[in-house]
file start-v1.cif (mmCIF, C-alpha atoms (C1' of nucleotides))
data_work
#
loop_
_atom_site.label_atom_id
_atom_site.label_comp_id
_atom_site.auth_asym_id
_atom_site.auth_seq_id
_atom_site.Cartn_x
_atom_site.Cartn_y
_atom_site.Cartn_z
CA MET A 1 -18.73 59.30 9.90
CA LYS A 2 -21.30 58.24 7.42
CA ILE A 3 -20.12 55.95 4.67
CA ALA A 4 -22.15 56.32 1.48
CA PRO A 5 -23.63 53.08 0.13
CA THR A 6 -22.12 53.94 -3.23
CA TRP A 7 -18.68 53.87 -1.68
CA GLU A 8 -19.03 50.51 -0.09
CA TYR A 9 -20.76 48.74 -2.94
CA GLY A 10 -18.56 50.33 -5.55
CA LEU A 11 -15.38 49.43 -3.73
CA ARG A 12 -16.53 45.86 -3.26
CA CYS A 13 -17.28 45.42 -6.93
CA LEU A 14 -13.95 46.92 -7.79
CA LEU A 15 -12.14 44.58 -5.43
CA GLN A 16 -13.67 41.63 -7.20
CA ILE A 17 -12.47 42.78 -10.57
CA ALA A 18 -9.06 43.41 -9.11
CA ARG A 19 -8.90 39.93 -7.57
CA ALA A 20 -9.99 38.30 -10.81
CA GLN A 21 -7.05 39.78 -12.63
CA GLU A 22 -4.67 37.40 -14.43
CA GLU A 23 -6.28 38.58 -17.64
CA LYS A 24 -9.66 37.24 -16.61
CA SER A 25 -12.30 39.89 -17.06
CA LEU A 26 -15.50 39.92 -15.03
CA SER A 27 -18.86 40.75 -16.52
CA ILE A 28 -21.46 42.89 -14.79
CA PRO A 29 -23.81 39.93 -14.23
CA GLN A 30 -20.99 37.94 -12.68
CA VAL A 31 -20.09 40.68 -10.22
CA ALA A 32 -23.75 41.30 -9.43
CA ARG A 33 -24.33 37.64 -8.64
CA GLU A 34 -21.31 37.42 -6.38
CA GLU A 35 -22.14 40.58 -4.48
CA GLY A 36 -25.85 40.01 -4.21
CA LEU A 37 -26.65 43.25 -6.01
CA SER A 38 -28.84 43.94 -8.99
CA VAL A 39 -27.32 43.86 -12.46
CA ALA A 40 -28.59 47.37 -13.14
CA TYR A 41 -26.98 48.82 -10.05
CA VAL A 42 -23.64 47.16 -10.58
CA GLY A 43 -23.74 48.35 -14.15
CA LYS A 44 -24.16 51.91 -13.00
CA LEU A 45 -21.34 51.74 -10.49
CA LEU A 46 -18.89 50.07 -12.82
CA ASN A 47 -19.80 52.51 -15.51
CA ARG A 48 -18.69 55.37 -13.29
CA LEU A 49 -15.43 53.63 -12.51
CA GLY A 50 -14.95 53.08 -16.22
CA LYS A 51 -15.43 56.72 -17.11
CA ALA A 52 -12.85 57.65 -14.51
CA GLY A 53 -10.31 55.42 -16.19
CA ILE A 54 -10.01 53.03 -13.28
CA ILE A 55 -11.40 49.98 -15.04
CA GLN A 56 -11.88 49.24 -18.69
CA GLY A 57 -14.96 47.62 -20.18
CA ARG A 58 -15.12 45.45 -23.27
CA ARG A 59 -18.41 44.71 -24.92
CA GLY A 60 -19.49 41.67 -26.81
CA ARG A 61 -19.79 37.99 -26.25
CA ARG A 62 -16.80 37.48 -24.01
CA GLY A 63 -16.57 41.01 -22.73
CA GLY A 64 -16.29 42.28 -19.17
CA TYR A 65 -14.25 44.60 -17.01
CA VAL A 66 -10.56 44.64 -16.25
CA LEU A 67 -8.47 47.07 -14.23
CA ALA A 68 -7.31 49.87 -16.48
CA LYS A 69 -4.04 50.20 -14.59
CA ASP A 70 -2.06 48.47 -11.90
CA ALA A 71 -3.77 48.06 -8.54
CA ALA A 72 -0.82 49.77 -6.89
CA ALA A 73 -1.49 52.87 -8.98
CA ILE A 74 -5.11 53.24 -7.89
CA SER A 75 -5.78 55.24 -4.75
CA LEU A 76 -8.97 55.02 -2.78
CA TYR A 77 -9.37 58.73 -3.21
CA GLU A 78 -9.76 58.51 -6.95
CA VAL A 79 -12.06 55.53 -6.53
CA PHE A 80 -14.43 57.43 -4.25
CA GLN A 81 -14.18 60.52 -6.37
CA ALA A 82 -15.30 58.42 -9.33
CA LEU A 83 -18.11 56.69 -7.46
CA ALA A 84 -19.65 59.86 -6.08
CA ASP A 85 -22.65 61.29 -7.80
CA PRO A 86 -21.34 63.40 -10.68
CA LEU A 87 -22.96 66.48 -9.20
CA SER A 88 -21.59 66.10 -5.70
CA ARG A 89 -17.89 65.47 -5.99
CA PHE A 90 -15.60 66.58 -3.21
CA GLU A 91 -15.22 70.31 -3.17
CA ASP A 92 -12.76 72.49 -1.41
CA CYS A 93 -14.36 74.19 1.55
CA GLN A 94 -17.85 74.29 0.22
CA SER A 95 -19.78 76.88 2.16
CA TYR A 96 -23.37 77.99 2.52
CA PRO A 97 -23.88 81.73 2.79
CA GLY A 98 -27.62 81.56 3.46
CA ALA A 99 -29.64 84.56 2.40
CA LEU A 100 -26.86 86.94 3.32
CA GLN A 101 -24.33 88.26 0.88
CA GLU A 102 -21.50 87.28 3.08
CA CYS A 103 -20.84 85.09 6.06
CA ILE A 104 -20.86 87.14 9.24
CA HIS A 105 -18.36 84.98 11.05
CA MET A 106 -15.44 86.91 9.78
CA VAL A 107 -12.56 87.71 12.07
CA GLN A 108 -9.72 89.61 10.49
CA ASN A 109 -11.02 88.96 7.01
CA THR A 110 -11.32 85.22 7.44
CA CYS A 111 -14.29 83.04 8.10
CA SER A 112 -13.69 81.62 11.54
CA ILE A 113 -15.02 78.17 10.82
CA LEU A 114 -13.36 77.65 7.47
CA PRO A 115 -10.23 76.15 9.05
CA VAL A 116 -12.35 73.40 10.51
CA TRP A 117 -13.72 72.40 7.13
CA ARG A 118 -10.25 72.64 5.60
CA ARG A 119 -8.89 70.42 8.29
CA LEU A 120 -11.47 67.72 7.83
CA ASP A 121 -11.26 67.84 4.09
CA LEU A 122 -7.52 67.58 4.16
CA LEU A 123 -7.50 64.65 6.55
CA VAL A 124 -9.96 62.63 4.56
CA LYS A 125 -8.29 63.35 1.25
CA ARG A 126 -4.88 62.56 2.57
CA THR A 127 -5.99 59.35 4.16
CA LEU A 128 -7.80 58.09 1.12
CA SER A 129 -4.98 59.12 -1.16
CA SER A 130 -2.45 57.22 0.88
CA VAL A 131 -4.14 53.86 0.49
CA THR A 132 -3.94 51.98 -2.78
CA LEU A 133 -6.23 49.30 -4.05
CA GLN A 134 -3.38 46.83 -3.86
CA GLU A 135 -3.02 47.36 -0.15
CA VAL A 136 -6.67 46.71 0.45
CA LEU A 137 -6.36 43.52 -1.57
CA LYS A 138 -3.53 42.16 0.53
CA GLU A 139 -5.44 41.94 3.72
CA GLY A 140 -4.18 40.38 6.91
CA THR A 141 -0.64 41.11 5.90
CA ALA A 142 -0.15 44.78 5.39
CA TYR A 143 -1.73 47.72 7.09
CA GLU A 144 -4.61 46.02 8.76
CA GLN A 145 -2.55 44.13 11.29
CA ASN A 146 -0.70 47.27 12.08
CA ARG A 147 -2.17 48.48 15.32
CA GLU A 148 -1.14 51.97 14.35
CA TRP A 149 -3.54 51.89 11.46
CA VAL A 150 -6.48 50.51 13.33
CA ASN A 151 -6.59 52.71 16.37
CA GLY A 152 -4.15 55.37 15.28
CA GLN A 153 -2.64 55.85 18.69
CA ASN A 154 0.60 57.53 17.81
CA SER A 155 -0.65 59.62 14.96
CA ALA A 156 -3.38 60.84 17.24
CA ALA A 157 -0.82 62.69 19.27
CA LEU A 158 -0.17 64.94 16.33
CA LEU A 159 -3.79 65.38 15.43
CA VAL A 160 -4.61 66.97 18.72
CA LYS A 161 -3.99 70.64 18.47
CA GLN A 162 -0.78 72.02 19.87
CA ALA A 163 -1.39 73.78 23.13
CA MET B 1 -15.35 65.87 1.77
CA LYS B 2 -18.91 67.00 1.77
CA ILE B 3 -19.95 69.27 4.61
CA ALA B 4 -23.62 68.93 5.46
CA PRO B 5 -25.58 72.20 5.44
CA THR B 6 -26.84 71.31 8.89
CA TRP B 7 -23.30 71.32 10.19
CA GLU B 8 -22.40 74.70 8.85
CA TYR B 9 -25.62 76.49 9.70
CA GLY B 10 -25.88 74.87 13.08
CA LEU B 11 -22.33 75.72 14.02
CA ARG B 12 -22.78 79.30 12.91
CA CYS B 13 -25.88 79.73 15.02
CA LEU B 14 -24.10 78.19 17.94
CA LEU B 15 -21.15 80.52 17.53
CA GLN B 16 -23.45 83.50 17.77
CA ILE B 17 -24.95 82.31 21.00
CA ALA B 18 -21.50 81.66 22.35
CA ARG B 19 -20.29 85.13 21.39
CA ALA B 20 -23.32 86.77 22.96
CA GLN B 21 -22.50 85.28 26.32
CA GLU B 22 -22.05 87.64 29.26
CA GLU B 23 -25.47 86.49 30.43
CA LYS B 24 -27.15 87.84 27.34
CA SER B 25 -29.36 85.22 25.81
CA LEU B 26 -30.22 85.21 22.10
CA SER B 27 -33.68 84.41 20.78
CA ILE B 28 -34.36 82.33 17.71
CA PRO B 29 -35.60 85.33 15.69
CA GLN B 30 -32.48 87.26 16.60
CA VAL B 31 -30.15 84.53 15.46
CA ALA B 32 -32.19 83.96 12.32
CA ARG B 33 -32.04 87.62 11.38
CA GLU B 34 -28.29 87.81 11.89
CA GLU B 35 -27.57 84.68 9.91
CA GLY B 36 -30.05 85.30 7.13
CA LEU B 37 -31.89 82.06 7.82
CA SER B 38 -35.56 81.40 8.41
CA VAL B 39 -36.89 81.44 11.94
CA ALA B 40 -38.31 77.96 11.52
CA TYR B 41 -35.01 76.50 10.42
CA VAL B 42 -32.96 78.12 13.14
CA GLY B 43 -35.54 76.92 15.62
CA LYS B 44 -35.09 73.37 14.47
CA LEU B 45 -31.31 73.49 14.64
CA LEU B 46 -31.18 75.13 18.06
CA ASN B 47 -33.75 72.69 19.31
CA ARG B 48 -31.42 69.82 18.47
CA LEU B 49 -28.53 71.51 20.20
CA GLY B 50 -30.75 72.04 23.21
CA LYS B 51 -31.76 68.41 23.46
CA ALA B 52 -28.12 67.44 23.39
CA GLY B 53 -27.45 69.64 26.39
CA ILE B 54 -25.18 72.03 24.54
CA ILE B 55 -27.38 75.08 24.86
CA GLN B 56 -30.26 75.82 27.14
CA GLY B 57 -33.48 77.45 26.09
CA ARG B 58 -35.79 79.57 28.20
CA ARG B 59 -39.29 80.36 27.11
CA GLY B 60 -41.33 83.40 27.74
CA ARG B 61 -41.11 87.10 27.26
CA ARG B 62 -37.42 87.57 27.75
CA GLY B 63 -36.37 84.04 26.90
CA GLY B 64 -33.71 82.83 24.51
CA TYR B 65 -30.77 80.50 24.34
CA VAL B 66 -27.58 80.41 26.38
CA LEU B 67 -24.70 77.97 26.36
CA ALA B 68 -25.44 75.15 28.77
CA LYS B 69 -21.79 74.78 29.69
CA ASP B 70 -18.49 76.47 29.15
CA ALA B 71 -17.36 76.90 25.55
CA ALA B 72 -14.12 75.14 26.41
CA ALA B 73 -16.09 72.06 27.40
CA ILE B 74 -17.93 71.74 24.09
CA SER B 75 -16.23 69.77 21.37
CA LEU B 76 -17.14 70.03 17.73
CA TYR B 77 -17.76 66.32 17.72
CA GLU B 78 -20.64 66.54 20.12
CA VAL B 79 -21.96 69.55 18.25
CA PHE B 80 -22.09 67.70 14.96
CA GLN B 81 -23.43 64.61 16.60
CA ALA B 82 -26.25 66.72 17.97
CA LEU B 83 -26.96 68.49 14.70
CA ALA B 84 -27.11 65.34 12.60
CA ASP B 85 -30.50 63.98 11.71
CA PRO B 86 -31.61 61.86 14.67
CA LEU B 87 -31.77 58.79 12.45
CA SER B 88 -28.35 59.16 10.92
CA ARG B 89 -25.91 59.74 13.71
CA PHE B 90 -22.35 58.60 13.32
CA GLU B 91 -22.13 54.86 13.53
CA ASP B 92 -19.18 52.63 13.98
CA CYS B 93 -18.31 50.92 10.75
CA GLN B 94 -21.75 50.90 9.27
CA SER B 95 -21.85 48.32 6.53
CA TYR B 96 -24.19 47.30 3.76
CA PRO B 97 -24.43 43.55 3.18
CA GLY B 98 -26.67 43.77 0.11
CA ALA B 99 -28.87 40.79 -0.55
CA LEU B 100 -26.27 38.38 0.75
CA GLN B 101 -26.17 37.07 4.28
CA GLU B 102 -22.58 38.00 4.70
CA CYS B 103 -20.01 40.13 2.98
CA ILE B 104 -17.83 38.04 0.71
CA HIS B 105 -14.74 40.15 1.15
CA MET B 106 -13.56 38.19 4.10
CA VAL B 107 -9.93 37.32 4.47
CA GLN B 108 -9.02 35.43 7.60
CA ASN B 109 -12.38 36.14 9.17
CA THR B 110 -12.22 39.87 8.63
CA CYS B 111 -13.85 42.06 6.06
CA SER B 112 -11.00 43.44 4.02
CA ILE B 113 -12.42 46.91 3.63
CA LEU B 114 -13.53 47.44 7.18
CA PRO B 115 -10.18 48.87 8.24
CA VAL B 116 -10.62 51.65 5.72
CA TRP B 117 -13.95 52.69 7.17
CA ARG B 118 -12.53 52.40 10.69
CA ARG B 119 -9.64 54.59 9.75
CA LEU B 120 -11.75 57.32 8.26
CA ASP B 121 -14.20 57.24 11.09
CA LEU B 122 -11.47 57.43 13.67
CA LEU B 123 -9.73 60.34 12.00
CA VAL B 124 -12.84 62.43 11.72
CA LYS B 125 -13.97 61.67 15.24
CA ARG B 126 -10.59 62.40 16.69
CA THR B 127 -10.22 65.63 14.80
CA LEU B 128 -13.62 66.93 15.73
CA SER B 129 -13.19 65.86 19.31
CA SER B 130 -9.95 67.73 19.63
CA VAL B 131 -11.39 71.12 18.77
CA THR B 132 -13.50 72.99 21.27
CA LEU B 133 -15.98 75.71 20.62
CA GLN B 134 -13.80 78.12 22.50
CA GLU B 135 -10.95 77.59 20.08
CA VAL B 136 -13.15 78.30 17.12
CA LEU B 137 -14.27 81.48 18.82
CA LYS B 138 -10.77 82.78 19.32
CA GLU B 139 -9.89 83.02 15.70
CA GLY B 140 -6.74 84.54 14.33
CA THR B 141 -4.92 83.75 17.51
CA ALA B 142 -4.97 80.06 18.17
CA TYR B 143 -4.94 77.15 15.83
CA GLU B 144 -5.84 78.88 12.63
CA GLN B 145 -2.59 80.73 12.25
CA ASN B 146 -0.72 77.56 12.95
CA ARG B 147 0.47 76.34 9.60
CA GLU B 148 0.46 72.83 10.95
CA TRP B 149 -3.28 72.97 11.35
CA VAL B 150 -4.05 74.42 7.98
CA ASN B 151 -2.06 72.18 5.71
CA GLY B 152 -1.13 69.46 8.16
CA GLN B 153 2.33 68.95 6.80
CA ASN B 154 4.00 67.19 9.65
CA SER B 155 1.10 65.12 10.78
CA ALA B 156 0.72 63.94 7.23
CA ALA B 157 3.93 62.02 7.56
CA LEU B 158 2.29 59.76 10.07
CA LEU B 159 -0.93 59.43 8.19
CA VAL B 160 0.73 57.84 5.24
CA LYS B 161 0.93 54.15 5.83
CA GLN B 162 4.16 52.75 7.12
CA ALA B 163 6.04 50.99 4.35
"C1'" DA C 1 -25.19 37.46 -41.57
"C1'" DA C 2 -27.62 36.46 -37.42
"C1'" DA C 3 -28.02 35.63 -32.72
"C1'" DA C 4 -26.28 35.86 -28.22
"C1'" DT C 5 -23.71 38.30 -24.82
"C1'" DA C 6 -22.35 42.37 -22.70
"C1'" DC C 7 -21.44 47.26 -22.05
"C1'" DT C 8 -23.78 52.20 -22.65
"C1'" DT C 9 -27.09 55.65 -21.90
"C1'" DG C 10 -30.94 58.18 -20.25
"C1'" DA C 11 -35.12 58.42 -17.92
"C1'" DC C 12 -37.62 56.91 -14.15
"C1'" DT C 13 -39.14 55.73 -9.05
"C1'" DC C 14 -38.22 55.77 -4.21
"C1'" DA C 15 -36.12 56.85 0.36
"C1'" DT C 16 -34.00 60.31 3.09
"C1'" DG C 17 -32.36 64.65 4.76
"C1'" DA C 18 -33.17 69.84 4.09
"C1'" DG C 19 -36.15 73.27 5.04
"C1'" DT C 20 -41.17 75.00 6.03
"C1'" DA C 21 -45.60 75.59 8.42
"C1'" DA C 22 -48.72 75.45 12.07
"C1'" DT C 23 -49.91 74.62 16.69
"C1'" DG C 24 -49.11 74.04 21.60
"C1'" DA C 25 -46.87 75.25 26.01
"C1'" DT C 26 -44.37 78.45 29.07
"C1'" DT C 27 -42.74 82.76 30.92
"C1'" DT C 28 -42.81 87.72 31.39
"C1'" DG C 29 -44.71 92.13 32.15
"C1'" DA C 30 -48.32 95.48 32.26
"C1'" DT D 1 -55.25 88.13 34.66
"C1'" DC D 2 -54.28 88.62 30.10
"C1'" DA D 3 -51.64 89.22 26.17
"C1'" DA D 4 -47.25 89.25 24.03
"C1'" DA D 5 -43.04 86.90 23.34
"C1'" DT D 6 -40.62 82.87 23.11
"C1'" DC D 7 -39.27 77.91 23.09
"C1'" DA D 8 -41.22 73.01 22.01
"C1'" DT D 9 -43.33 69.66 19.00
"C1'" DT D 10 -45.22 67.56 15.09
"C1'" DA D 11 -46.46 67.12 10.51
"C1'" DC D 12 -45.62 68.58 6.06
"C1'" DT D 13 -43.19 69.77 1.35
"C1'" DC D 14 -39.19 69.68 -1.52
"C1'" DA D 15 -34.55 68.53 -3.41
"C1'" DT D 16 -31.15 65.05 -3.95
"C1'" DG D 17 -28.87 60.69 -4.09
"C1'" DA D 18 -29.97 55.54 -4.19
"C1'" DG D 19 -31.48 52.14 -6.97
"C1'" DT D 20 -34.48 50.45 -11.10
"C1'" DC D 21 -36.04 49.99 -15.87
"C1'" DA D 22 -35.77 49.87 -20.66
"C1'" DA D 23 -33.96 50.71 -25.02
"C1'" DG D 24 -29.61 51.10 -27.67
"C1'" DT D 25 -24.85 49.81 -29.35
"C1'" DA D 26 -20.81 46.99 -29.85
"C1'" DT D 27 -18.43 42.44 -30.14
"C1'" DT D 28 -18.04 37.57 -30.51
"C1'" DT D 29 -19.44 33.10 -31.99
"C1'" DT D 30 -21.72 30.12 -35.07
#

call {"tool": "encode", "arguments": {"input": "start-v1.cif", "output": "structure tokens"}}
result
Amino acid sequence: MKIAPTWEYGLRCLLQIARAQEEKSLSIPQVAREEGLSVAYVGKLLNRLGKAGIIQGRRGRRGGYVLAKDAAAISLYEVFQALADPLSRFEDCQSYPGALQECIHMVQNTCSILPVWRRLDLLVKRTLSSVTLQEVLKEGTAYEQNREWVNGQNSAALLVKQA
Amino acid sequence: MKIAPTWEYGLRCLLQIARAQEEKSLSIPQVAREEGLSVAYVGKLLNRLGKAGIIQGRRGRRGGYVLAKDAAAISLYEVFQALADPLSRFEDCQSYPGALQECIHMVQNTCSILPVWRRLDLLVKRTLSSVTLQEVLKEGTAYEQNREWVNGQNSAALLVKQA
DNA sequence: AAAATACTTGACTCATGAGTAATGATTTGA
DNA sequence: TCAAATCATTACTCATGAGTCAAGTATTTT
């Protein structure tokens, strides 16, 4: 699947702020320098995270950003929701009718392809919701070394439709 | 998650061709009229599906499109792969380094956020691969009425990371 | 206070995918 | 054979998200 640049860059900046914790706040220029991104761009991304209540900014001479709540209480889902362009948040089963009044793929009063969208949407949401920022921070110890997580062998058995 | 217009429109056009089977081929104008889309747009979408070997076009007076293989042998994954813009197919763990030579989020020689991308990518691929066009056609009978499919309750248990 | 640092906000430019338009090539049928 | 119908191909326009720019506001330090 396609990962939006906003997601990757935003998450990386957020990880830095999270790692710097211990009451040390990080300024936009600091994060930008470390990540090799422009100050303006980092400012925009962190601003979105701030408005979503994930991090908290403090202006002034010794200002900067700090996590607004514990890393264990921040799910990747809310992070990506915050980073997405304000006009294109996740939506439930968004659908495009075209020029017609109504989709013609209706069987017994239901659109026949809606379940596919629902399924995908649900999977992504559930996956992102189940991972917290703290878990991503503790790499090499937690979920990443778990073969289950990486190639999802067992869970795959349930994802395949029941014959 | 965001469903690309190309996906929805393309799949709908494909479903029509699949339903029309019985040796009846559908022309681009026919499909366009039924779906309420422009002839040019439908032509573009079906052209992509044709190049991917999913449908087969025949020119001339009584030409049109027919499925190139059995509906049961066509997975949604290959359909979406075919419909995607040629330059932006699915990629494995696409990553954006920024201006730096190397991502700085490396813990023990691994990027700490890569597993998240891998996970998402795998889930989507696996889900789409497990559904065939034939199943989408037979609505109201197969997977859609299965509560498991719609809200994924049981499978969710495995998706949540193992404590 | 005043100056320096840093977040905030809104408008702007640019790349990319959505959707259109026009032309060429192939088959059918009269 | 010729014309109509149809797919094939390429170039184009337009909307949207990525990323930039610039001016404004708040806080700290001197």

call {"tool": "resolve_selection", "arguments": {"input": "start-v1.cif", "expression": "the PyMOL selection byres ((chain C and resi 5-12) around 8)", "output": "PyMOL selection string"}}
result
(chain A and resi 27-28+57-64) or (chain C and resi 4+13) or (chain D and resi 20-21+24-26)

call {"tool": "closest_residue", "arguments": {"input": "start-v1.cif", "among": "D:DA18, D:DA23, D:DT9, D:DT28", "to": "DA15 in chain C", "atoms": "only C-alpha atoms (C1' of nucleotides)"}}
result
D:DA18

call {"tool": "resolve_selection", "arguments": {"input": "start-v1.cif", "expression": "the PyMOL selection byres ((chain A and resi 4) around 10)", "output": "list in words"}}
result
Met1, Lys2, Ile3, Pro5, Thr6, Trp7, Glu8, Tyr9, Gly10, Phe80, Leu83 and Ala84 of chain A; Gln94, Ser95 and Tyr96 of chain B; DG17 and DA18 of chain D

call {"tool": "closest_residue", "arguments": {"input": "start-v1.cif", "among": "A:Lys51, A:Arg12, A:Arg19, A:Lys24", "to": "chain C", "atoms": "all atoms listed in the file"}}
result
A:Lys51

call {"tool": "atom_distance", "arguments": {"input": "start-v1.cif", "atom1": "CA of Gly43 in chain A", "atom2": "CA of Glu78 in chain A"}}
result
18.7 Å

call {"tool": "atom_distance", "arguments": {"input": "start-v1.cif", "atom1": "CA of Arg33 in chain B", "atom2": "CA of Ala82 in chain B"}}
result
22.7 Å

call {"tool": "resolve_selection", "arguments": {"input": "start-v1.cif", "expression": "the PyMOL selection byres ((chain C and resi 2) around 9)", "output": "list in words"}}
result
DA1 and DA3 of chain C; DT30 of chain D

call {"tool": "atom_distance", "arguments": {"input": "start-v1.cif", "atom1": "CA of Trp117 in chain B", "atom2": "CA of Val66 in chain A"}}
result
25.0 Å

call {"tool": "closest_residue", "arguments": {"input": "start-v1.cif", "among": "D:DA22, D:DT6, D:DC14, D:DT27", "to": "chain B", "atoms": "all atoms listed in the file"}}
result
D:DT6

call {"tool": "closest_residue", "arguments": {"input": "start-v1.cif", "among": "A:Gly53, A:Pro86, A:Pro29, A:Gly36", "to": "chain D", "atoms": "only C-alpha atoms (C1' of nucleotides)"}}
result
A:Pro86

call {"tool": "build_atoms", "arguments": {"input": "start-v1.cif", "residues": "range 19-35 of chain B", "atoms": "N, CA and C atoms", "output": "CSV table (one decimal), in the frame of the given file"}}
result
chain,number,residue,atom,x,y,z
B,19,ARG,N,-20.9,83.8,21.4
B,19,ARG,CA,-20.3,85.1,21.4
B,19,ARG,C,-21.1,86.1,22.2
B,20,ALA,N,-22.4,85.9,22.2
B,20,ALA,CA,-23.3,86.8,23.0
B,20,ALA,C,-23.3,86.6,24.5
B,21,GLN,N,-22.5,85.6,24.9
B,21,GLN,CA,-22.5,85.3,26.3
B,21,GLN,C,-22.4,86.6,27.1
B,22,GLU,N,-22.0,86.5,28.3
B,22,GLU,CA,-22.0,87.6,29.3
B,22,GLU,C,-23.5,87.7,29.8
B,23,GLU,N,-24.1,86.6,29.9
B,23,GLU,CA,-25.5,86.5,30.4
B,23,GLU,C,-26.6,87.0,29.5
B,24,LYS,N,-26.1,87.4,28.3
B,24,LYS,CA,-27.2,87.8,27.3
B,24,LYS,C,-27.6,86.6,26.5
B,25,SER,N,-28.9,86.3,26.6
B,25,SER,CA,-29.4,85.2,25.8
B,25,SER,C,-29.8,85.7,24.5
B,26,LEU,N,-29.8,84.8,23.4
B,26,LEU,CA,-30.2,85.2,22.1
B,26,LEU,C,-31.5,84.4,21.7
B,27,SER,N,-32.5,85.1,21.2
B,27,SER,CA,-33.7,84.4,20.8
B,27,SER,C,-33.5,83.9,19.4
B,28,ILE,N,-34.4,82.9,19.0
B,28,ILE,CA,-34.4,82.3,17.7
B,28,ILE,C,-34.5,83.4,16.6
B,29,PRO,N,-35.5,84.3,16.7
B,29,PRO,CA,-35.6,85.3,15.7
B,29,PRO,C,-34.3,86.2,15.6
B,30,GLN,N,-33.7,86.5,16.7
B,30,GLN,CA,-32.5,87.3,16.6
B,30,GLN,C,-31.4,86.5,15.8
B,31,VAL,N,-31.2,85.3,16.2
B,31,VAL,CA,-30.2,84.5,15.5
B,31,VAL,C,-30.5,84.4,14.0
B,32,ALA,N,-31.8,84.1,13.7
B,32,ALA,CA,-32.2,84.0,12.3
B,32,ALA,C,-31.9,85.2,11.5
B,33,ARG,N,-32.2,86.4,12.1
B,33,ARG,CA,-32.0,87.6,11.4
B,33,ARG,C,-30.6,87.8,11.1
B,34,GLU,N,-29.7,87.6,12.1
B,34,GLU,CA,-28.3,87.8,11.9
B,34,GLU,C,-27.7,86.9,10.8
B,35,GLU,N,-28.2,85.7,10.8
B,35,GLU,CA,-27.6,84.7,9.9
B,35,GLU,C,-28.2,84.6,8.5
